[in-house]
Amino acid sequence: MHDLYIFITGPLAWAAFILFIGGSLYRLLAMLILVNRKERFIFSYMSLRYGLRSILHWITPFATVNMRRHPVLTVVTFLFHICLIVTPIFLLSHVILWDESWNLSWWSLPDGLADFMTIIVIAGAIFFLIRRIVSPEVQFVTSASDYIILAIVAAPFVTGFLAYHQWFAYEFFMVLHILTGEMMLVAIPFTRLSHMIYSPFTRAYMGSEFGGVRHAKDW
Amino acid sequence: MGEPAEINEIKDKGLEIGAERLTEDKIEKTINSVLKGETGARLKAYVDTCIHCGLCSEACHYYLSRDNDPHFSPVGKVKQTIWEMLKKKGKVSPEFIKKASEIASTECNLCRRCAMYCPFGIDIAYMMLIVRRICHMLGVTPLYIQDTAHSHSVTMNQMWVKGDEWPDTLQWQEEEAQAEIPTLRIPLEKEGADVMYSVIGPEPKFQAQLIYQAAVIMNVAGIDWTMPASSGWDNSDMAMYTGDNEIMGRVKRAHFETAARLKVKKIVMGECGHAFRSVYDVGNRWLGWRIPPVEVVHAIEFYHDILKEGRIKISKKFETPVTLHDPCNIVRGRGLHEMSRYVTREMCEELIEMHPNREHNYCCCAGGGVINCGPPYKNKRIMSNRVKAEQLFAAKAKGAKVLIAPCHNCHSGLEDINHHYGLGLEIKFLMDILYEVMDKPE
């Protein structure tokens with residue numbers, strides 16, 4: 001078990017971070033190169049002002065008509081994404097790992113709050129799963145990949161939750177937590193989780209077209 | 001009301017015969033050549049970013065009007081067309097292409113309302129246009145709209161108006177209007193005029209009174225204006241909607257070059273939405289212009305300016321309560337909604353807003369070339385916009401009796417809605433009212 005732990009927190013963790021960061025940069029660069037090669041006009045329509053105006057509206061809860069139409073989904077979506085990003089970065093045990101390995105340290109969440117935020121992520125994932133199955137308009141466009149990416153995102157939180165509470169099979173869940181966490185990092189650039197990378201650009205482009213050319217709101 | 005049974009089994013010769021001529025090999029080659037040759041990072045980012053959340057659904061009048069049938073949600077239409085082509089790398093059947101063409105051409109108005117509901121701002125109208133482009137390259141386009149594209153190609157106008165019929169119509173309208181204002185002229189080919197006034201093909205074909213009214217407004221407002229006597233007078237563009245970008249380019253070039261030949265300062269266009277989209281946003285880009293090479297002013301903005309400058313005085317405001325429709329191509333496409341309200345308030349006693357309005361207004365279900373796909377799809381088009389009827393009925397319940405639709409496609413589409421659902425509204429262009437209430441010389 002100890003060797004396995006060394007391996008997944010050592011070389012495998014390195015591989016995961018390299019693939020995550022390198023892959024994300026690659027996807028970004030590939031997109032920019034493709035724009036430059038085939039759709040260079042996009043650069044001439046991109047507007048910092050209107051792009052940011054659009055992004056700002058769409059990252060502010062209830063700032064758009066569609067968010068107001070779906071208040072429950074809006075609340076769940078925002079909480080889910082905030083907790084999804086903030087919890088792993090500011091979890092005390094993660095910060096300690098950074099500290100031990102790199103002498104880097106930063107503020108961390110109280111464990112109780114982190115636990116609650118983990119539950120929010122898991123509950124959010126269950127909400128999205130149910131919505132996907134129950135809503136006909138979502139079900140119609142759902143493919144296996146949608147369930148898989150939801151599982152990829154939920155897995156590190158479920159296993160982390162179980163490992164933290166140490167109710168049973170602590171070591172097993174710990175290992176599984178690390179593995180699924182690494183899997184999620186690697187999946188971000190190479191699955192539709194890449195909306196994390198692309199969405200600011202698609203949003204900014206639509207915002208620029210609506211603001212700069214069409215003189216209209218896009219929210 | 002009678003439910004037309006046949007809206008799901010429409011026969012369209014353009015699609016039937018076009019699909020019969022296809023081979024799987026040709027389909028695969030064509031799809032891949034369009035995807036590889038004409039699309040790039042945008043399509044890729046849109047497909048890779050879409051999280052399949054379905055949040056665009058409620059933006060679409062088809063979806064809302066067809067009892068939330070997911071086949072009619074924006075993303076549902078993407079799934080049934082471009083996703084499948086991408087997934088199968090172009091290996092789809094002729095039957096699939098026929099269905100894809102019907103979906104892209106007759107079940108989406110390209111109104112871009114869904115772009116305002118997608119959290120990522122994914123441009124679904126753009127994807128539907130790619131599908132239309134592929135279907136065009138395969139020769140599977142609905143018959144009626146293909147005919148208008150042919151007309152553009154042959155005559156440079158949408159309605160097969162022949163070379164001599166055009167100046168003839170202008171002269172006829174000039175003479176008619178001279179009965180009202182004896183000094184009135186429709187100046188043809190006047191080099192160096194401030195304004196070139198351009199219209200869509202249907203105006204000389206069967207709505208010549210609109211040219212009459214425009215001439216009166218221009219004359220009374222004292223505008224230094226002209227109309228071309230040659231081709232290039234038509235600003236409309238159905239080729240844009242069939243995916244025939246090459247013809248779109250020829251038509252737009254003719255339009256811009258006519259304005260350049262006449263050395264006008266700007267082009268003022270009649271109350272048409274799709275033509276504005278073509279001249280202001282799409283055709284210019286195909287020709288390599290970031291913004292149009294000649295300033296393009298839609299009728300709404302023109303009326304706004306002449307009213308604001310006091311060039312036109314209102315003798316007596318229009319008394320009947322009106323409601324105002326916001327056409328997609330000039331509101332989501334150009335943000336003219338406050339100007340149209342200014343014009344309306346200047347001319348009318350009472351404006352009763354319909355809801356939703358401005359950028360969020362429901363589409364007329366005629367635009368994007370859908371009404372131009374002709375009679376086979378008429379029932380489907382009307383059934384697919386029940387939500388518009390409900391929206392209009394609510395405005396009527398608040399007292400509106402006249403519906404202002406400052407766009408030709410909207411006008412015709414709303415007329416069908418009005419008739420089918422028995423709304424009993426009178427539909428007018430802004431110009432109809434302006435002509436009626438303006439101060440004219442005795």
# chains A, B, ... in the order shown; residues from 1 in each chain; ligands from 1
>>> closest_atom_pairs(of="chain B", to="chain A", cutoff="8 Å", atoms="only C-alpha atoms", output="CSV")
residue,atom,partner,partner_atom,distance
B:Glu38,CA,A:Lys38,CA,7.9
B:Thr39,CA,A:Lys38,CA,7.5
B:Gly40,CA,A:Lys38,CA,5.9
B:Ala41,CA,A:Val35,CA,5.5
B:Arg42,CA,A:Val35,CA,7.7
B:Ala45,CA,A:Tyr198,CA,6.5
B:Tyr46,CA,A:Thr202,CA,7.4
B:Asp48,CA,A:Arg192,CA,5.3
B:Thr49,CA,A:His195,CA,4.4
B:Cys50,CA,A:His195,CA,7.2
B:Ile51,CA,A:Arg192,CA,6.7
B:His52,CA,A:Val141,CA,6.0
B:Cys53,CA,A:Val138,CA,5.8
B:Gly54,CA,A:Val138,CA,5.0
B:Leu55,CA,A:Asn66,CA,7.8
B:Ser57,CA,A:Glu137,CA,7.0
B:Asn68,CA,A:Glu137,CA,7.6
B:Asp69,CA,A:Glu137,CA,7.4
B:Pro70,CA,A:Glu137,CA,4.6
B:His71,CA,A:Phe140,CA,7.7
B:Ser73,CA,A:Glu137,CA,7.1
B:Val75,CA,A:Val141,CA,7.2
B:Gly76,CA,A:Val141,CA,6.2
B:Lys79,CA,A:Val141,CA,6.6
B:Ala115,CA,A:Asp218,CA,7.3
B:Met116,CA,A:Asp218,CA,4.8
B:Tyr117,CA,A:Asn66,CA,5.6
B:Pro119,CA,A:Trp58,CA,6.6
B:Phe120,CA,A:Arg203,CA,5.1
B:Gly121,CA,A:Arg203,CA,4.9
B:Ile122,CA,A:Thr202,CA,6.5
B:Asp123,CA,A:Met206,CA,7.5
B:Asp281,CA,A:Val213,CA,7.7
B:Arg290,CA,A:Ser44,CA,7.8
B:Val331,CA,A:Ala216,CA,7.0
B:Arg332,CA,A:Ala216,CA,5.8
B:Gly333,CA,A:Arg214,CA,4.7
B:Arg334,CA,A:Arg214,CA,4.0
B:Gly335,CA,A:Ala216,CA,4.7
B:Glu359,CA,A:Lys217,CA,7.0
>>> write_last_selection(atoms="C-alpha atoms", output="PDB file, in the first residue's frame")
ATOM      1  CA  GLU B  38     -15.016  26.375 -44.112  1.00  0.00           C
ATOM      2  CA  THR B  39     -15.231  25.863 -40.374  1.00  0.00           C
ATOM      3  CA  GLY B  40     -12.586  26.268 -37.745  1.00  0.00           C
ATOM      4  CA  ALA B  41     -12.104  27.070 -34.107  1.00  0.00           C
ATOM      5  CA  ARG B  42     -15.589  28.436 -33.627  1.00  0.00           C
ATOM      6  CA  ALA B  45     -15.144  25.345 -29.467  1.00  0.00           C
ATOM      7  CA  TYR B  46     -18.949  25.317 -29.658  1.00  0.00           C
ATOM      8  CA  ASP B  48     -16.453  20.959 -27.258  1.00  0.00           C
ATOM      9  CA  THR B  49     -17.919  23.509 -24.865  1.00  0.00           C
ATOM     10  CA  CYS B  50     -21.602  22.593 -25.024  1.00  0.00           C
ATOM     11  CA  ILE B  51     -22.367  20.817 -21.777  1.00  0.00           C
ATOM     12  CA  HIS B  52     -25.731  19.506 -23.026  1.00  0.00           C
ATOM     13  CA  CYS B  53     -27.620  21.402 -20.316  1.00  0.00           C
ATOM     14  CA  GLY B  54     -30.666  22.198 -22.425  1.00  0.00           C
ATOM     15  CA  LEU B  55     -30.846  25.761 -21.095  1.00  0.00           C
ATOM     16  CA  SER B  57     -34.632  25.286 -24.958  1.00  0.00           C
ATOM     17  CA  ASN B  68     -41.733  21.529 -25.137  1.00  0.00           C
ATOM     18  CA  ASP B  69     -40.915  18.789 -27.616  1.00  0.00           C
ATOM     19  CA  PRO B  70     -37.128  18.388 -27.240  1.00  0.00           C
ATOM     20  CA  HIS B  71     -36.744  17.790 -30.972  1.00  0.00           C
ATOM     21  CA  SER B  73     -35.065  22.848 -28.762  1.00  0.00           C
ATOM     22  CA  VAL B  75     -29.597  22.059 -28.933  1.00  0.00           C
ATOM     23  CA  GLY B  76     -31.999  19.309 -29.999  1.00  0.00           C
ATOM     24  CA  LYS B  79     -27.985  17.103 -32.065  1.00  0.00           C
ATOM     25  CA  ALA B 115     -27.536  32.740 -28.014  1.00  0.00           C
ATOM     26  CA  MET B 116     -28.837  34.955 -25.203  1.00  0.00           C
ATOM     27  CA  TYR B 117     -29.941  31.947 -23.164  1.00  0.00           C
ATOM     28  CA  PRO B 119     -24.531  30.329 -20.565  1.00  0.00           C
ATOM     29  CA  PHE B 120     -21.568  30.011 -22.933  1.00  0.00           C
ATOM     30  CA  GLY B 121     -22.948  32.174 -25.728  1.00  0.00           C
ATOM     31  CA  ILE B 122     -22.863  29.335 -28.236  1.00  0.00           C
ATOM     32  CA  ASP B 123     -24.082  30.543 -31.613  1.00  0.00           C
ATOM     33  CA  ASP B 281     -23.604  41.911 -40.788  1.00  0.00           C
ATOM     34  CA  ARG B 290     -15.426  44.200 -41.191  1.00  0.00           C
ATOM     35  CA  VAL B 331     -33.032  44.391 -32.504  1.00  0.00           C
ATOM     36  CA  ARG B 332     -30.834  41.443 -31.561  1.00  0.00           C
ATOM     37  CA  GLY B 333     -29.003  42.314 -34.766  1.00  0.00           C
ATOM     38  CA  ARG B 334     -28.631  46.078 -34.407  1.00  0.00           C
ATOM     39  CA  GLY B 335     -30.211  47.286 -31.167  1.00  0.00           C
ATOM     40  CA  GLU B 359     -33.922  41.733 -27.241  1.00  0.00           C
TER      41      GLU B 359
END
>>> residues_around(residues="range 262-264 of chain B", least_positions_apart="5", cutoff="6 Å", atoms="only C-alpha atoms", output="VMD selection string")
chain B and resid 191 to 195
>>> atom_distance(atom1="CA of Thr258 in chain B", atom2="CA of Pro228 in chain B")
7.2 Å
>>> residues_around(residues="Glu84 in chain B", least_positions_apart="4", cutoff="12 Å", atoms="only C-alpha atoms", output="ChimeraX atom specification")
/A:141 /B:31,47,76-80,88-93,96-97,99-100,131
>>> residues_around(residues="range 267-271 of chain B", least_positions_apart="6", cutoff="6 Å", atoms="only C-alpha atoms", output="list in words")
Val195, Met196, Tyr197, Ser198, Val199, Val296, Val297, His298, Ala299, Pro406 and Cys407 of chain B
>>> residues_around(residues="range 236-251 of chain B", least_positions_apart="2", cutoff="9 Å", atoms="only C-alpha atoms", output="MDAnalysis selection string")
chainID B and resid 105 129:137 141:142 145:146 148:150 152:153 156:158 199:201 232 234 253:256 272 274:276 278:279 282:284 286:287 368:370 372
>>> residues_around(residues="Val76 in chain A", least_positions_apart="6", cutoff="9 Å", atoms="only C-alpha atoms", output="PDB file with all heavy atoms, in the first residue's frame")
ATOM      1  N   ILE A 120     -22.016  19.863  -0.790  1.00  0.00           N
ATOM      2  CA  ILE A 120     -22.698  20.665  -1.814  1.00  0.00           C
ATOM      3  C   ILE A 120     -22.324  20.168  -3.219  1.00  0.00           C
ATOM      4  O   ILE A 120     -23.180  20.024  -4.093  1.00  0.00           O
ATOM      5  CB  ILE A 120     -22.348  22.164  -1.657  1.00  0.00           C
ATOM      6  CG1 ILE A 120     -23.039  22.719  -0.411  1.00  0.00           C
ATOM      7  CG2 ILE A 120     -22.784  22.947  -2.903  1.00  0.00           C
ATOM      8  CD1 ILE A 120     -22.741  24.180  -0.152  1.00  0.00           C
ATOM      9  N   ALA A 123     -24.074  16.866  -3.748  1.00  0.00           N
ATOM     10  CA  ALA A 123     -25.512  17.091  -3.927  1.00  0.00           C
ATOM     11  C   ALA A 123     -25.780  17.734  -5.284  1.00  0.00           C
ATOM     12  O   ALA A 123     -26.746  17.379  -5.982  1.00  0.00           O
ATOM     13  CB  ALA A 123     -26.047  17.970  -2.797  1.00  0.00           C
ATOM     14  N   GLY A 124     -24.913  18.665  -5.677  1.00  0.00           N
ATOM     15  CA  GLY A 124     -25.062  19.312  -6.991  1.00  0.00           C
ATOM     16  C   GLY A 124     -24.964  18.291  -8.112  1.00  0.00           C
ATOM     17  O   GLY A 124     -25.751  18.313  -9.062  1.00  0.00           O
ATOM     18  N   PHE A 127     -28.074  16.412  -8.241  1.00  0.00           N
ATOM     19  CA  PHE A 127     -29.098  17.266  -8.844  1.00  0.00           C
ATOM     20  C   PHE A 127     -28.975  17.264 -10.364  1.00  0.00           C
ATOM     21  O   PHE A 127     -29.949  17.077 -11.095  1.00  0.00           O
ATOM     22  CB  PHE A 127     -28.963  18.689  -8.297  1.00  0.00           C
ATOM     23  CG  PHE A 127     -29.912  19.675  -8.920  1.00  0.00           C
ATOM     24  CD1 PHE A 127     -31.180  19.874  -8.379  1.00  0.00           C
ATOM     25  CD2 PHE A 127     -29.550  20.407 -10.048  1.00  0.00           C
ATOM     26  CE1 PHE A 127     -32.059  20.786  -8.955  1.00  0.00           C
ATOM     27  CE2 PHE A 127     -30.423  21.311 -10.622  1.00  0.00           C
ATOM     28  CZ  PHE A 127     -31.681  21.501 -10.082  1.00  0.00           C
ATOM     29  N   PHE A 128     -27.742  17.433 -10.860  1.00  0.00           N
ATOM     30  CA  PHE A 128     -27.542  17.452 -12.316  1.00  0.00           C
ATOM     31  C   PHE A 128     -27.888  16.104 -12.936  1.00  0.00           C
ATOM     32  O   PHE A 128     -28.443  16.027 -14.032  1.00  0.00           O
ATOM     33  CB  PHE A 128     -26.090  17.828 -12.658  1.00  0.00           C
ATOM     34  CG  PHE A 128     -25.742  19.255 -12.359  1.00  0.00           C
ATOM     35  CD1 PHE A 128     -24.526  19.577 -11.779  1.00  0.00           C
ATOM     36  CD2 PHE A 128     -26.638  20.271 -12.646  1.00  0.00           C
ATOM     37  CE1 PHE A 128     -24.208  20.905 -11.494  1.00  0.00           C
ATOM     38  CE2 PHE A 128     -26.326  21.603 -12.370  1.00  0.00           C
ATOM     39  CZ  PHE A 128     -25.110  21.912 -11.788  1.00  0.00           C
TER      40      PHE A 128
END
>>> residues_around(residues="range 81-97 of chain A", least_positions_apart="4", cutoff="10 Å", atoms="only C-alpha atoms", output="PyMOL selection string")
chain A and resi 9+76-77+101-111+113-122+124+153-154+156-157+160+164+181
>>> select_by_dssp(residues="range 42-157 of chain B", states="alpha helix (DSSP H)", output="tab-separated table (two decimals) with N, CA, C and O atoms, in the first residue's frame")
chain	number	residue	atom	x	y	z
B	42	ARG	N	-14.28	28.11	-34.19
B	42	ARG	CA	-15.59	28.44	-33.63
B	42	ARG	C	-16.44	27.18	-33.44
B	42	ARG	O	-16.94	26.88	-32.37
B	43	LEU	N	-16.60	26.44	-34.54
B	43	LEU	CA	-17.42	25.23	-34.47
B	43	LEU	C	-16.84	24.26	-33.45
B	43	LEU	O	-17.56	23.67	-32.65
B	44	LYS	N	-15.53	24.11	-33.48
B	44	LYS	CA	-14.88	23.18	-32.57
B	44	LYS	C	-15.12	23.59	-31.12
B	44	LYS	O	-15.51	22.77	-30.29
B	45	ALA	N	-14.94	24.88	-30.84
B	45	ALA	CA	-15.14	25.35	-29.47
B	45	ALA	C	-16.61	25.17	-29.06
B	45	ALA	O	-16.91	24.78	-27.94
B	46	TYR	N	-17.53	25.45	-29.99
B	46	TYR	CA	-18.95	25.32	-29.66
B	46	TYR	C	-19.31	23.87	-29.33
B	46	TYR	O	-20.02	23.59	-28.38
B	47	VAL	N	-18.78	22.94	-30.13
B	47	VAL	CA	-19.12	21.54	-29.91
B	47	VAL	C	-18.43	21.01	-28.65
B	47	VAL	O	-19.02	20.27	-27.88
B	48	ASP	N	-17.18	21.45	-28.43
B	48	ASP	CA	-16.45	20.96	-27.26
B	48	ASP	C	-16.91	21.62	-25.97
B	48	ASP	O	-16.63	21.13	-24.89
B	49	THR	N	-17.53	22.77	-26.07
B	49	THR	CA	-17.92	23.51	-24.86
B	49	THR	C	-19.33	23.16	-24.42
B	49	THR	O	-19.64	23.20	-23.24
B	61	HIS	N	-39.04	29.61	-29.80
B	61	HIS	CA	-40.50	29.61	-29.99
B	61	HIS	C	-41.00	28.29	-30.55
B	61	HIS	O	-42.13	27.91	-30.31
B	62	TYR	N	-40.16	27.59	-31.30
B	62	TYR	CA	-40.58	26.26	-31.79
B	62	TYR	C	-40.78	25.32	-30.60
B	62	TYR	O	-41.81	24.65	-30.48
B	63	TYR	N	-39.77	25.30	-29.75
B	63	TYR	CA	-39.83	24.42	-28.57
B	63	TYR	C	-41.04	24.77	-27.70
B	63	TYR	O	-41.82	23.90	-27.32
B	64	LEU	N	-41.22	26.06	-27.44
B	64	LEU	CA	-42.31	26.48	-26.56
B	64	LEU	C	-43.67	26.19	-27.21
B	64	LEU	O	-44.62	25.79	-26.54
B	65	SER	N	-43.74	26.41	-28.52
B	65	SER	CA	-45.03	26.26	-29.20
B	65	SER	C	-45.38	24.80	-29.46
B	65	SER	O	-46.55	24.47	-29.62
B	74	PRO	N	-33.22	24.31	-29.42
B	74	PRO	CA	-32.05	24.64	-30.24
B	74	PRO	C	-30.99	23.53	-30.21
B	74	PRO	O	-30.54	23.07	-31.26
B	75	VAL	N	-30.64	23.09	-29.00
B	75	VAL	CA	-29.60	22.06	-28.93
B	75	VAL	C	-30.11	20.74	-29.51
B	75	VAL	O	-29.35	19.96	-30.09
B	76	GLY	N	-31.42	20.51	-29.40
B	76	GLY	CA	-32.00	19.31	-30.00
B	76	GLY	C	-31.82	19.30	-31.51
B	76	GLY	O	-31.57	18.26	-32.12
B	77	LYS	N	-31.96	20.47	-32.11
B	77	LYS	CA	-31.78	20.57	-33.56
B	77	LYS	C	-30.30	20.38	-33.92
B	77	LYS	O	-29.97	19.81	-34.95
B	78	VAL	N	-29.42	20.87	-33.06
B	78	VAL	CA	-27.99	20.68	-33.29
B	78	VAL	C	-27.65	19.19	-33.21
B	78	VAL	O	-26.93	18.65	-34.03
B	84	GLU	N	-24.39	14.83	-35.35
B	84	GLU	CA	-24.41	13.52	-35.99
B	84	GLU	C	-23.41	13.48	-37.15
B	84	GLU	O	-22.69	12.51	-37.33
B	85	MET	N	-23.38	14.57	-37.92
B	85	MET	CA	-22.42	14.63	-39.04
B	85	MET	C	-20.99	14.55	-38.52
B	85	MET	O	-20.13	13.90	-39.12
B	86	LEU	N	-20.73	15.25	-37.42
B	86	LEU	CA	-19.38	15.24	-36.86
B	86	LEU	C	-19.03	13.86	-36.29
B	86	LEU	O	-17.96	13.34	-36.52
B	87	LYS	N	-20.01	13.30	-35.57
B	87	LYS	CA	-19.76	12.02	-34.91
B	87	LYS	C	-19.49	10.93	-35.94
B	87	LYS	O	-18.59	10.12	-35.78
B	94	PRO	N	-28.69	9.69	-47.30
B	94	PRO	CA	-29.46	10.73	-47.98
B	94	PRO	C	-30.71	11.11	-47.19
B	94	PRO	O	-31.08	12.29	-47.12
B	95	GLU	N	-31.32	10.13	-46.57
B	95	GLU	CA	-32.52	10.38	-45.76
B	95	GLU	C	-32.18	11.33	-44.61
B	95	GLU	O	-32.93	12.25	-44.29
B	96	PHE	N	-31.00	11.13	-44.02
B	96	PHE	CA	-30.54	11.99	-42.94
B	96	PHE	C	-30.37	13.43	-43.43
B	96	PHE	O	-30.78	14.38	-42.76
B	97	ILE	N	-29.76	13.56	-44.60
B	97	ILE	CA	-29.52	14.91	-45.16
B	97	ILE	C	-30.85	15.62	-45.41
B	97	ILE	O	-31.01	16.82	-45.14
B	98	LYS	N	-31.81	14.86	-45.93
B	98	LYS	CA	-33.13	15.45	-46.20
B	98	LYS	C	-33.73	16.00	-44.91
B	98	LYS	O	-34.23	17.13	-44.86
B	99	LYS	N	-33.66	15.19	-43.87
B	99	LYS	CA	-34.21	15.60	-42.57
B	99	LYS	C	-33.41	16.78	-42.01
B	99	LYS	O	-33.98	17.74	-41.48
B	100	ALA	N	-32.09	16.71	-42.15
B	100	ALA	CA	-31.24	17.79	-41.62
B	100	ALA	C	-31.56	19.11	-42.32
B	100	ALA	O	-31.62	20.17	-41.70
B	101	SER	N	-31.80	19.02	-43.64
B	101	SER	CA	-32.12	20.23	-44.38
B	101	SER	C	-33.46	20.80	-43.92
B	101	SER	O	-33.61	22.01	-43.74
B	102	GLU	N	-34.41	19.91	-43.72
B	102	GLU	CA	-35.73	20.38	-43.25
B	102	GLU	C	-35.60	21.03	-41.87
B	102	GLU	O	-36.18	22.10	-41.63
B	103	ILE	N	-34.83	20.42	-40.99
B	103	ILE	CA	-34.66	20.99	-39.64
B	103	ILE	C	-33.99	22.36	-39.73
B	103	ILE	O	-34.49	23.35	-39.20
B	104	ALA	N	-32.86	22.42	-40.42
B	104	ALA	CA	-32.08	23.67	-40.45
B	104	ALA	C	-32.79	24.78	-41.20
B	104	ALA	O	-32.67	25.95	-40.86
B	105	SER	N	-33.56	24.41	-42.25
B	105	SER	CA	-34.17	25.45	-43.08
B	105	SER	C	-35.57	25.84	-42.64
B	105	SER	O	-36.02	26.94	-42.93
B	106	THR	N	-36.29	24.92	-41.99
B	106	THR	CA	-37.69	25.22	-41.69
B	106	THR	C	-38.05	25.11	-40.21
B	106	THR	O	-39.18	25.33	-39.83
B	124	ILE	N	-25.92	29.04	-32.03
B	124	ILE	CA	-26.59	27.91	-32.67
B	124	ILE	C	-27.05	28.27	-34.08
B	124	ILE	O	-27.04	27.44	-34.99
B	125	ALA	N	-27.42	29.54	-34.27
B	125	ALA	CA	-27.81	29.96	-35.62
B	125	ALA	C	-26.66	29.73	-36.60
B	125	ALA	O	-26.88	29.30	-37.74
B	126	TYR	N	-25.45	29.98	-36.14
B	126	TYR	CA	-24.28	29.75	-36.99
B	126	TYR	C	-24.18	28.27	-37.37
B	126	TYR	O	-23.92	27.93	-38.53
B	127	MET	N	-24.45	27.41	-36.40
B	127	MET	CA	-24.36	25.97	-36.70
B	127	MET	C	-25.46	25.54	-37.67
B	127	MET	O	-25.24	24.69	-38.54
B	128	MET	N	-26.65	26.13	-37.52
B	128	MET	CA	-27.73	25.80	-38.46
B	128	MET	C	-27.37	26.30	-39.87
B	128	MET	O	-27.72	25.66	-40.86
B	129	LEU	N	-26.66	27.41	-39.93
B	129	LEU	CA	-26.23	27.90	-41.24
B	129	LEU	C	-25.18	26.98	-41.87
B	129	LEU	O	-25.16	26.82	-43.09
B	130	ILE	N	-24.35	26.37	-41.05
B	130	ILE	CA	-23.39	25.40	-41.59
B	130	ILE	C	-24.15	24.21	-42.18
B	130	ILE	O	-23.82	23.71	-43.25
B	131	VAL	N	-25.19	23.77	-41.46
B	131	VAL	CA	-25.99	22.65	-41.97
B	131	VAL	C	-26.63	23.06	-43.30
B	131	VAL	O	-26.62	22.29	-44.27
B	132	ARG	N	-27.17	24.27	-43.37
B	132	ARG	CA	-27.77	24.72	-44.63
B	132	ARG	C	-26.73	24.77	-45.73
B	132	ARG	O	-27.02	24.44	-46.88
B	133	ARG	N	-25.53	25.21	-45.37
B	133	ARG	CA	-24.44	25.29	-46.35
B	133	ARG	C	-24.14	23.88	-46.90
B	133	ARG	O	-24.01	23.70	-48.11
B	134	ILE	N	-24.04	22.92	-46.01
B	134	ILE	CA	-23.76	21.54	-46.45
B	134	ILE	C	-24.89	21.05	-47.35
B	134	ILE	O	-24.65	20.47	-48.42
B	135	CYS	N	-26.13	21.30	-46.93
B	135	CYS	CA	-27.27	20.83	-47.73
B	135	CYS	C	-27.31	21.54	-49.09
B	135	CYS	O	-27.67	20.93	-50.10
B	136	HIS	N	-26.92	22.80	-49.10
B	136	HIS	CA	-26.85	23.52	-50.37
B	136	HIS	C	-25.81	22.88	-51.28
B	136	HIS	O	-26.06	22.65	-52.47
B	137	MET	N	-24.65	22.58	-50.73
B	137	MET	CA	-23.58	21.97	-51.53
B	137	MET	C	-24.03	20.61	-52.06
B	137	MET	O	-23.56	20.15	-53.11
B	143	LEU	N	-37.58	23.69	-52.07
B	143	LEU	CA	-37.76	24.16	-53.45
B	143	LEU	C	-38.02	25.66	-53.57
B	143	LEU	O	-37.40	26.34	-54.38
B	144	TYR	N	-38.94	26.18	-52.75
B	144	TYR	CA	-39.36	27.57	-52.93
B	144	TYR	C	-38.23	28.56	-52.65
B	144	TYR	O	-38.02	29.51	-53.40
B	145	ILE	N	-37.49	28.30	-51.59
B	145	ILE	CA	-36.41	29.25	-51.27
B	145	ILE	C	-35.27	29.09	-52.28
B	145	ILE	O	-34.60	30.06	-52.64
B	146	GLN	N	-35.10	27.88	-52.80
B	146	GLN	CA	-34.09	27.68	-53.84
B	146	GLN	C	-34.45	28.51	-55.07
B	146	GLN	O	-33.59	29.09	-55.74
B	147	ASP	N	-35.75	28.60	-55.34
B	147	ASP	CA	-36.18	29.40	-56.48
B	147	ASP	C	-35.81	30.88	-56.29
B	147	ASP	O	-35.37	31.54	-57.24
B	148	THR	N	-35.95	31.38	-55.07
B	148	THR	CA	-35.58	32.78	-54.86
B	148	THR	C	-34.07	32.96	-55.00
B	148	THR	O	-33.61	33.98	-55.49
B	149	ALA	N	-33.32	31.94	-54.58
B	149	ALA	CA	-31.86	32.03	-54.75
B	149	ALA	C	-31.52	32.05	-56.25
B	149	ALA	O	-30.64	32.79	-56.68
B	150	HIS	N	-32.25	31.25	-57.02
B	150	HIS	CA	-32.05	31.28	-58.48
B	150	HIS	C	-32.36	32.67	-59.02
B	150	HIS	O	-31.65	33.19	-59.89
B	151	SER	N	-33.44	33.26	-58.51
B	151	SER	CA	-33.81	34.58	-58.97
B	151	SER	C	-32.69	35.59	-58.68
B	151	SER	O	-32.32	36.40	-59.53
B	152	HIS	N	-32.14	35.51	-57.48
B	152	HIS	CA	-31.01	36.39	-57.13
B	152	HIS	C	-29.89	36.20	-58.14
B	152	HIS	O	-29.28	37.17	-58.62
B	153	SER	N	-29.63	34.95	-58.46
B	153	SER	CA	-28.50	34.64	-59.33
B	153	SER	C	-28.71	35.20	-60.73
B	153	SER	O	-27.79	35.74	-61.34
B	154	VAL	N	-29.95	35.10	-61.22
B	154	VAL	CA	-30.22	35.49	-62.60
B	154	VAL	C	-30.46	36.98	-62.72
B	154	VAL	O	-29.93	37.64	-63.62
B	155	THR	N	-31.27	37.53	-61.81
B	155	THR	CA	-31.74	38.91	-61.97
B	155	THR	C	-31.13	39.88	-60.96
B	155	THR	O	-31.37	41.08	-61.04
